[in-house]
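One structure is given below, encoded as structure tokens.
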Amino acid sequence: MEQWNNVELTNMSKKSYTLNHAYNMAEKLNKENNAAPTSNGSGSGSIKGNDSVQAKDQTDSSVLKPGSDVRPKVEPEDVENLLRRLYGITVSEVKEILAYDDRNFLIHEDSNVKNPLIVSHCPHGYILKIMNSLDSKKEDVVDAQNQVMLYLSKQQIKCPRPIANASGKYYSVEKLNGTAHVVRLLEFLPGQIFRDVPITNYLLFQSGEYLAKLDRALKDFTHEAYETHTTTWMLQNVPAVREFLFAVKDQERKALCEEVIDAFESKVLSVVPTLDHQIIHGDFNESNIVIETAPNQTDHNIKGVIDFGDMSKSPLLFEIGIALTYMTLEAKDLASGGIFLAGYTSIKPVSSTELGYLKYCVAARLVQSLVLGLYTHSLHPTNDYLLSTQHEGWKLLEKLWKDSFDSVDELWSTTGHQYLTQSNK
């Protein structure tokens, strides 16, 4: 299958609307998705008079549950109808992009058809994002994601920008096959994806630098939605992965996952209140980094970042740990993580205490990715994108946890120092 870079919002894993669509309809559809019977069978999802229970219900509805299939069920004709109705676009070409639990489509419009709804046309095309039904329940978070893309675009961080629809909104809620989904359009950011270029030490170091600059830009960004937002993919929610361990059929691997979760809970989650928190990207991985060829036509430079669907207010340590996981996976070399860390800490220093927590974060993210990947693939067995981490992921997890756990801190430190002292770049 031909591959294109998947844009913005989660690996985002990720109705019918008229031009005078009122947004109380969006609220109505979300209520339909959220409706859950109470003990008296009334169909109301709230429990009056018990704030603590209400808060728990809100948290529970924000994360994936076993048996859930949240991926949009969309036919090709739905895509063209949505584009014409919401954005006035007549399509010349549509290609679906691999995604986790959303549906993403690369769109090229027919330039021969005038479209008064889009004032400034993107010459590279657009990404139509149809969000999964779980994330579609959180419209305040969708607004936050749109706002952060607009904010970063002004901070010299290249990323997709949202396009307003016929009602002047950056998203709408549409009912597709009986389920409410958020639909939005983003500018396409051209370039190669990190996973499709040779992984060099220079690119690893540059990735660390770029993430540190992104985090520096995000430090001053705030949005009310992120004060309470939670998702399955936040490292804070690693303990919830226990509910999905049934998807791991190998008993030794299942036991390894349980051991990692227990250690992460006791060593890292126990100190979360003491860690520095801010808004983080939350999924700086090989599929979400856009690359361009350097002026020397030999090296590659990082051009921008996509997929803001896993943003949250979290420990900054978790941002680094998640990215370190994927950089090490791509390099297929545990030691190479030290070069990425050297790049990051050259821009934003990290305390020795927090550096010591990173190995737990990497192991926890690997478990999260491996287990949830197996679970979701059981629902969509033809989507091999869901298994992209499996082969190298288990190898890395076993090497880190069983063979190198006591020595990996020194390994990363030494590798980073050697790169800084020996490299011309």
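Each chain of the structure tokens is named A, B, ... in the order shown, its residues numbered from 1; ligands are numbered from 1 in display order.
The list of residues with at least one atom within 8 Å of Gln390 of chain A, based on only C-alpha atoms and without residues fewer than 4 positions apart in the same chain, reads A:Leu370, A:Gly373, A:Trp394.
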For Val260 of chain A: contacts at 8 Å, only C-alpha atoms, fewer than 4 positions along chain excluded, given as an mmCIF file with N, CA and C atoms, in the first residue's frame:
data_model
loop_
_atom_site.group_PDB
_atom_site.id
_atom_site.type_symbol
_atom_site.label_atom_id
_atom_site.label_comp_id
_atom_site.auth_asym_id
_atom_site.auth_seq_id
_atom_site.Cartn_x
_atom_site.Cartn_y
_atom_site.Cartn_z
ATOM 1 N N LEU A 256 6.324 -10.530 31.952
ATOM 2 C CA LEU A 256 7.256 -9.406 31.833
ATOM 3 C C LEU A 256 6.498 -8.079 31.868
ATOM 4 N N PHE A 264 6.935 0.409 37.321
ATOM 5 C CA PHE A 264 6.652 1.788 36.905
ATOM 6 C C PHE A 264 5.726 2.460 37.914
ATOM 7 N N TYR A 360 12.499 3.377 33.297
ATOM 8 C CA TYR A 360 11.170 2.884 33.656
ATOM 9 C C TYR A 360 10.119 3.399 32.670
ATOM 10 N N ALA A 363 10.425 1.433 29.324
ATOM 11 C CA ALA A 363 9.844 0.093 29.458
ATOM 12 C C ALA A 363 8.323 0.159 29.520
ATOM 13 N N ALA A 364 7.797 1.135 30.260
ATOM 14 C CA ALA A 364 6.344 1.265 30.387
ATOM 15 C C ALA A 364 5.700 1.614 29.052
ATOM 16 N N VAL A 367 5.547 -1.479 26.853
ATOM 17 C CA VAL A 367 4.448 -2.358 27.265
ATOM 18 C C VAL A 367 3.119 -1.799 26.779
#
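If you look at atom CA of Val148 of chain A and atom CA of Asn132 of chain A, they are 19.9 Å away from each other.
Considering the residues A:Tyr226, A:Ile193, A:Val94, A:Lys267 and counting only C-alpha atoms, Glu77 of chain A has its shortest atom-to-atom contact with A:Val94.
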Of the candidates A:Thr298, A:Asn115, A:Ser287, A:Gln156, which shows the shortest atom-to-atom distance to Thr200 of chain A, using only C-alpha atoms?
-> A:Thr298
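Between atom CA of Gly356 of chain A and atom CA of Arg216 of chain A lies a distance of 21.8 Å.
Interatomic distance, atom CA of Pro239 of chain A to atom CA of Gln368 of chain A: 9.2 Å.
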Can you check which residues of segment 309-367 of chain A DSSP gives as alpha helix (DSSP H) on the backbone and send them as a PyMOL selection string?
-> chain A and resi 316-331+337-345+352-367
Could you turn the residues from that selection into a file that holds C-alpha atoms, as a PDB file, in the first residue's frame?
ATOM      1  CA  LEU A 316       7.788  16.723  31.135  1.00  0.00           C
ATOM      2  CA  LEU A 317       9.738  13.567  31.981  1.00  0.00           C
ATOM      3  CA  PHE A 318       7.039  11.527  30.215  1.00  0.00           C
ATOM      4  CA  GLU A 319       7.497  13.548  27.014  1.00  0.00           C
ATOM      5  CA  ILE A 320      11.183  12.647  26.997  1.00  0.00           C
ATOM      6  CA  GLY A 321      10.574   9.007  27.911  1.00  0.00           C
ATOM      7  CA  ILE A 322       8.006   8.480  25.156  1.00  0.00           C
ATOM      8  CA  ALA A 323      10.239  10.040  22.504  1.00  0.00           C
ATOM      9  CA  LEU A 324      13.290   8.149  23.767  1.00  0.00           C
ATOM     10  CA  THR A 325      11.364   4.893  23.335  1.00  0.00           C
ATOM     11  CA  TYR A 326      10.609   5.507  19.673  1.00  0.00           C
ATOM     12  CA  MET A 327      14.030   6.907  18.802  1.00  0.00           C
ATOM     13  CA  THR A 328      15.673   3.823  20.276  1.00  0.00           C
ATOM     14  CA  LEU A 329      13.253   1.554  18.431  1.00  0.00           C
ATOM     15  CA  GLU A 330      14.004   3.246  15.110  1.00  0.00           C
ATOM     16  CA  ALA A 331      17.753   3.107  15.644  1.00  0.00           C
ATOM     17  CA  GLY A 337      19.095   6.739  22.997  1.00  0.00           C
ATOM     18  CA  GLY A 338      22.008   8.578  24.592  1.00  0.00           C
ATOM     19  CA  ILE A 339      22.507  10.647  21.437  1.00  0.00           C
ATOM     20  CA  PHE A 340      18.860  11.703  21.433  1.00  0.00           C
ATOM     21  CA  LEU A 341      19.142  12.624  25.126  1.00  0.00           C
ATOM     22  CA  ALA A 342      22.311  14.625  24.437  1.00  0.00           C
ATOM     23  CA  GLY A 343      20.354  16.647  21.870  1.00  0.00           C
ATOM     24  CA  TYR A 344      17.476  17.271  24.237  1.00  0.00           C
ATOM     25  CA  THR A 345      19.596  18.248  27.231  1.00  0.00           C
ATOM     26  CA  SER A 352      20.081  13.404  37.277  1.00  0.00           C
ATOM     27  CA  THR A 353      17.158  12.178  39.371  1.00  0.00           C
ATOM     28  CA  GLU A 354      14.739  12.426  36.462  1.00  0.00           C
ATOM     29  CA  LEU A 355      17.263  10.883  34.073  1.00  0.00           C
ATOM     30  CA  GLY A 356      17.235   7.885  36.405  1.00  0.00           C
ATOM     31  CA  TYR A 357      13.488   7.452  35.898  1.00  0.00           C
ATOM     32  CA  LEU A 358      13.717   7.319  32.104  1.00  0.00           C
ATOM     33  CA  LYS A 359      14.430   3.596  31.815  1.00  0.00           C
ATOM     34  CA  TYR A 360      11.170   2.884  33.656  1.00  0.00           C
ATOM     35  CA  CYS A 361       9.329   5.257  31.311  1.00  0.00           C
ATOM     36  CA  VAL A 362      10.777   3.560  28.217  1.00  0.00           C
ATOM     37  CA  ALA A 363       9.844   0.093  29.458  1.00  0.00           C
ATOM     38  CA  ALA A 364       6.344   1.265  30.387  1.00  0.00           C
ATOM     39  CA  ARG A 365       5.764   2.867  26.980  1.00  0.00           C
ATOM     40  CA  LEU A 366       6.923  -0.300  25.239  1.00  0.00           C
ATOM     41  CA  VAL A 367       4.448  -2.358  27.265  1.00  0.00           C
TER      42      VAL A 367
END
Within 8 Å of Asp283 of chain A using only C-alpha atoms, minus same-chain residues under 4 positions, as number ranges by chain | A: 10-11, 288, 307-308, 310-311, 319, 322-323
May I have the residues from that selection written out with C-alpha atoms, as an mmCIF file, in the first residue's frame?
data_model
loop_
_atom_site.group_PDB
_atom_site.id
_atom_site.type_symbol
_atom_site.label_atom_id
_atom_site.label_comp_id
_atom_site.auth_asym_id
_atom_site.auth_seq_id
_atom_site.Cartn_x
_atom_site.Cartn_y
_atom_site.Cartn_z
ATOM 1 C CA THR A 10 -2.666 10.775 17.094
ATOM 2 C CA ASN A 11 -1.173 8.189 15.735
ATOM 3 C CA ASN A 288 4.905 12.126 13.549
ATOM 4 C CA ASP A 307 -0.337 14.519 15.219
ATOM 5 C CA PHE A 308 -1.386 16.445 18.323
ATOM 6 C CA ASP A 310 -2.017 12.709 22.482
ATOM 7 C CA MET A 311 -1.290 16.106 23.981
ATOM 8 C CA GLU A 319 7.497 13.548 27.014
ATOM 9 C CA ILE A 322 8.006 8.480 25.156
ATOM 10 C CA ALA A 323 10.239 10.040 22.504
#
Name all residues at most 10 Å from Asp196 of chain A (count only C-alpha atoms; drop same-chain ones fewer than 2 positions away) and give them as a VMD selection string.
-> chain A and resid 3 5 192 to 194 198 to 199 286 to 287 290 to 291
Restricting it to all heavy atoms, dump the selection as a tab-separated table (two decimals), in the first residue's frame.
chain	number	residue	atom	x	y	z
A	3	GLN	N	2.27	4.75	0.85
A	3	GLN	CA	2.26	5.42	2.15
A	3	GLN	C	2.42	6.92	2.00
A	3	GLN	O	3.17	7.38	1.18
A	3	GLN	CB	3.40	4.89	3.02
A	3	GLN	CG	3.37	3.40	3.15
A	3	GLN	CD	3.11	2.96	4.55
A	3	GLN	OE1	3.25	3.72	5.46
A	3	GLN	NE2	2.71	1.73	4.72
A	5	ASN	N	2.57	10.68	4.55
A	5	ASN	CA	2.77	11.01	5.98
A	5	ASN	C	1.43	11.32	6.62
A	5	ASN	O	0.63	12.05	6.10
A	5	ASN	CB	3.76	12.17	6.17
A	5	ASN	CG	3.27	13.49	5.70
A	5	ASN	OD1	2.28	13.57	5.01
A	5	ASN	ND2	3.97	14.54	6.04
A	192	GLN	N	9.17	14.02	3.95
A	192	GLN	CA	9.29	12.61	4.28
A	192	GLN	C	9.04	12.41	5.77
A	192	GLN	O	9.20	13.33	6.56
A	192	GLN	CB	10.68	12.09	3.91
A	192	GLN	CG	10.96	12.04	2.42
A	192	GLN	CD	12.36	11.54	2.14
A	192	GLN	OE1	13.33	12.30	2.19
A	192	GLN	NE2	12.49	10.26	1.85
A	193	ILE	N	8.68	11.19	6.11
A	193	ILE	CA	8.47	10.86	7.51
A	193	ILE	C	9.76	10.24	8.06
A	193	ILE	O	10.50	9.54	7.36
A	193	ILE	CB	7.28	9.90	7.66
A	193	ILE	CG1	5.99	10.66	7.38
A	193	ILE	CG2	7.21	9.29	9.03
A	193	ILE	CD1	5.72	11.79	8.32
A	194	PHE	N	10.02	10.49	9.32
A	194	PHE	CA	11.25	10.04	9.99
A	194	PHE	C	11.55	8.57	9.71
A	194	PHE	O	12.68	8.20	9.43
A	194	PHE	CB	11.08	10.27	11.50
A	194	PHE	CG	12.32	10.06	12.32
A	194	PHE	CD1	13.12	11.13	12.70
A	194	PHE	CD2	12.69	8.79	12.75
A	194	PHE	CE1	14.26	10.95	13.48
A	194	PHE	CE2	13.81	8.59	13.52
A	194	PHE	CZ	14.61	9.67	13.88
A	198	PRO	N	17.13	7.24	6.30
A	198	PRO	CA	18.18	6.57	7.09
A	198	PRO	C	18.33	7.24	8.45
A	198	PRO	O	18.37	8.46	8.56
A	198	PRO	CB	19.44	6.77	6.23
A	198	PRO	CG	18.93	7.01	4.84
A	198	PRO	CD	17.64	7.75	5.00
A	199	ILE	N	18.40	6.42	9.49
A	199	ILE	CA	18.52	6.94	10.86
A	199	ILE	C	20.00	7.12	11.18
A	199	ILE	O	20.73	6.14	11.35
A	199	ILE	CB	17.86	6.01	11.88
A	199	ILE	CG1	16.41	5.70	11.47
A	199	ILE	CG2	17.90	6.64	13.27
A	199	ILE	CD1	15.54	6.92	11.28
A	286	GLU	N	8.34	8.15	15.26
A	286	GLU	CA	8.86	8.07	13.89
A	286	GLU	C	7.81	8.37	12.83
A	286	GLU	O	8.15	8.66	11.68
A	286	GLU	CB	9.47	6.69	13.65
A	286	GLU	CG	8.50	5.54	13.45
A	286	GLU	CD	7.84	5.05	14.74
A	286	GLU	OE1	8.19	5.54	15.84
A	286	GLU	OE2	6.95	4.17	14.65
A	287	SER	N	6.53	8.31	13.18
A	287	SER	CA	5.46	8.60	12.23
A	287	SER	C	4.99	10.04	12.31
A	287	SER	O	4.21	10.48	11.45
A	287	SER	CB	4.28	7.66	12.47
A	287	SER	OG	4.64	6.32	12.24
A	290	VAL	N	8.25	15.14	10.55
A	290	VAL	CA	8.39	15.38	9.11
A	290	VAL	C	9.82	15.84	8.83
A	290	VAL	O	10.35	16.72	9.50
A	290	VAL	CB	7.37	16.43	8.62
A	290	VAL	CG1	7.52	16.66	7.12
A	290	VAL	CG2	5.95	15.98	8.95
A	291	ILE	N	10.41	15.22	7.81
A	291	ILE	CA	11.82	15.43	7.47
A	291	ILE	C	11.95	16.06	6.10
A	291	ILE	O	11.14	15.81	5.20
A	291	ILE	CB	12.57	14.06	7.47
A	291	ILE	CG1	12.41	13.35	8.82
A	291	ILE	CG2	14.03	14.22	7.10
A	291	ILE	CD1	13.06	14.04	9.97
Quick one: of A:Glu410, A:Glu109, A:Glu398, A:Asp403, who's nearest to Ala335 of chain A, counting only C-alpha atoms?
-> A:Glu410
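Excluding segment 244-249 of chain A and any residue on its chain fewer than 5 positions from it, the residues at most 6 Å away by only C-alpha atoms are A:Lys254, A:Leu374, A:Tyr375.
Shell of Glu75 of chain A at 12 Å, with only C-alpha atoms counted and residues fewer than 4 places along the chain excluded, is A:Val79, A:Glu80, A:Asn81, A:Leu82, A:Glu96, A:Arg103, A:Phe105, A:Ile130, A:Leu176, A:Asn177.
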Using backbone DSSP assignments, extract all strand (DSSP E or B) residues from segment 114-238 of chain A; output them as a list of chain:residue names.
-> A:Tyr126, A:Ile127, A:Leu128, A:Lys129, A:Ile130, A:Pro162, A:Ile163, A:Ser172, A:Val173, A:Glu174, A:Lys175, A:Leu176, A:Thr179, A:Ala180, A:His181, A:Val182, A:Val183, A:Arg184, A:Leu185, A:Leu186, A:Glu187, A:Gln192, A:Ile193
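Among the candidate residues A:Val141, A:Ala180, A:Val119, A:Val305, the one lying nearest to Ile163 of chain A is A:Val119, with distances computed using only C-alpha atoms.
Taking only C-alpha atoms into account, Ser266 of chain A lies nearest to A:Val238 out of the set A:Tyr202, A:Thr222, A:Glu93, A:Val238.
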